[in-house]
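Colleague: Dumping the structure here so I can ask a few things about it.
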Amino acid sequence: MFVKDVMVKNQVGLHARPATFFIQKANEFKSSIWIEKEERRVNAKSLLGILSLGIVGGTDIRIIADGSDEQPAVEALIELVESGFSNEK
């Protein structure tokens, strides 16, 4: 299991569009991936799960992955969050 914390920097947080980018990136990996905000944990490959967390800009979240590609999965998702959810490299 690989775990890392990150702060959501973009102002609107994880609403539908950035959440979609996040899910697309998460689905590139075989590992099980979760997002945790405070005490709630949801599947990072579920749009409704992510939206239910109500993540806004300035929120600290934890990204957790468990599986064969857990570390690269978390690192890629951290990079996406830090980029402000841009779908471009």
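Labeling convention for the structure tokens: chains A, B, ... as they appear, residues from 1 per chain, ligands from 1 in order of appearance.
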Could you list, as number ranges by chain, every residue within 7 Å of A:Val56, counting only C-alpha atoms and ignoring same-chain residues fewer than 5 positions away?

Modeller: A: 11-14

Colleague: So that I can see what lies close to stretch 70-85 of chain A, please list as a PyMOL selection string the residues with an atom at most 7 Å from it, counting only C-alpha atoms and leaving out residues fewer than 3 positions away in the same chain.

Modeller: chain A and resi 1-2+6+8-10+18+21-22+25-26+29+31+63-67

Colleague: Which residues are near A:Ala19? Cut-off 8 Å, only C-alpha atoms, ignore same chain within fewer than 6 positions. Put them as a list in words.

Modeller: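 Those residues are Leu47, Ile50 and Leu51 of chain A.
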
Colleague: Atom CA of A:Ser52 and atom CA of A:Ile33, how far apart in Å?

Modeller: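 These two atoms are separated by 16.1 Å.
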
Colleague: Calculate how many Å separate atom CA of A:Ile61 from atom CA of A:Arg40, rounding to one decimal.

Modeller: 10.1 Å

Colleague: Which residue out of A:Gly49, A:Met7, A:Ser68, A:Thr59 has the minimum interatomic distance to A:Ile35 when only C-alpha atoms are used?

Modeller: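 Of A:Gly49, A:Met7, A:Ser68, A:Thr59, the one nearest A:Ile35, counting only C-alpha atoms, is A:Gly49.
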
Colleague: Where does DSSP see strand (DSSP E or B) in chain A, if you list the residues as an MDAnalysis selection string?

Modeller: chainID A and resid 2:7 32:37 40:43 60:66
